[in-house]
Amino acid sequence: MPKGTNQKLKLYYLSQIMLEKTDEEHMITMPEIQKALAAYDVTADRKSLYDDLEKLSTLGIEVKGEKIGRDFFYHVSNKKFEIAELKLLVDAIQSSKFITEKKSKELINKLTSFASKYEASQLNRQVVVQGRVKTMNESIYYFVDDIHRAIAENRQIRFEYMKWNIDRKLEKRREEPYVVSPWAMTWDDENYYLIAYDQEAGIIKHFRVDKMKSIRVLEKKREGLDQFKEFNLARYSKMSFGMFHGEPTKVKIAFKDEMVGIFIDRFGKEINVHPSKKKGWSEVDVEVAVSDQFLGWIFALGDGVRILGPDEVVRKFTEEIRDRSNLYKD
């Protein structure tokens, strides 16, 4: 049997054929494998293919053979991702505001390479998310990588921080760039945030990564180690609403018993819930950043929730309600 022109790539093409054409529910016979290799101008006899299928295990591709009737059928039995895992990743990509439409398509196309052609058709999913707004900043992926590199190398970064103006264009928040020491990344309200020490202000701040521009990793070593020794990222994220700043305050809140799940989802199962004086109500003490966003969250929960203290938070909440009401008066 004359050898084909791509004989040196035989094992590579064989791996691609098995990964693309087989899965737990789809198998191929030895003649079908030979025919598929011939399409790549690769010839192979049965004996050499038996050895090649065994060699695929060294590449992490386990091929299983099963006798059905008179014929043997072969398929890959251990792919890197199960189809359910790939579907989950596709759904997460499509529903993420952080990932642009263009990058979503690119990532999903890459994920299909881990599936057979039969499974790949199942990955053509359309996740509909109410009010979804995709980010328009294609550079964000490289920004995230730059920040992680700066953290790993213990170096400061410099960047411009942007904001939207009334003309729907991004402009600088200030003329001079920010220079900070990056210490952590977090994900909140569908956005990436950098948690960093601002040596000029002497405090820990957070920045939305999709609003950052022209990031440069500096040679200067990071500062703020002592401040971050006492920093609890999980507590910080839980306390902040939409990552908006506010004075950390222990707030006592009363709520109807059936609303307990809302508070557990927001603050975690470790919160101390205890009965209120009012029948059918409970109380909880939580530490929050008292911002307009927190007060808006309380307002949105309706008459099933009430702030009990401290007095200054109650006063701020009632003043906010009064001020908002005045906006609608002639």
# chains A, B, ... in the order shown; residues from 1 in each chain; ligands from 1
call {"tool": "select_by_dssp", "arguments": {"residues": "range 157-274 of chain A", "states": "strand (DSSP E or B)", "output": "number ranges by chain"}}
result
A: 157-164, 170-172, 178-188, 191-198, 203-208, 212-221, 247-256, 273-274
call {"tool": "select_by_dssp", "arguments": {"residues": "range 23-254 of chain A", "states": "helix (DSSP H, G or I)", "output": "VMD selection string"}}
result
chain A and resid 30 to 38 46 to 59 83 to 95 101 to 114 117 to 123 140 to 152 209 to 211 225 to 229 233 to 239
call {"tool": "residues_around", "arguments": {"residues": "Val286 in chain A", "least_positions_apart": "3", "cutoff": "10 Å", "atoms": "only C-alpha atoms", "output": "VMD selection string"}}
result
chain A and resid 238 to 239 249 to 253 263 267 271 to 273 283
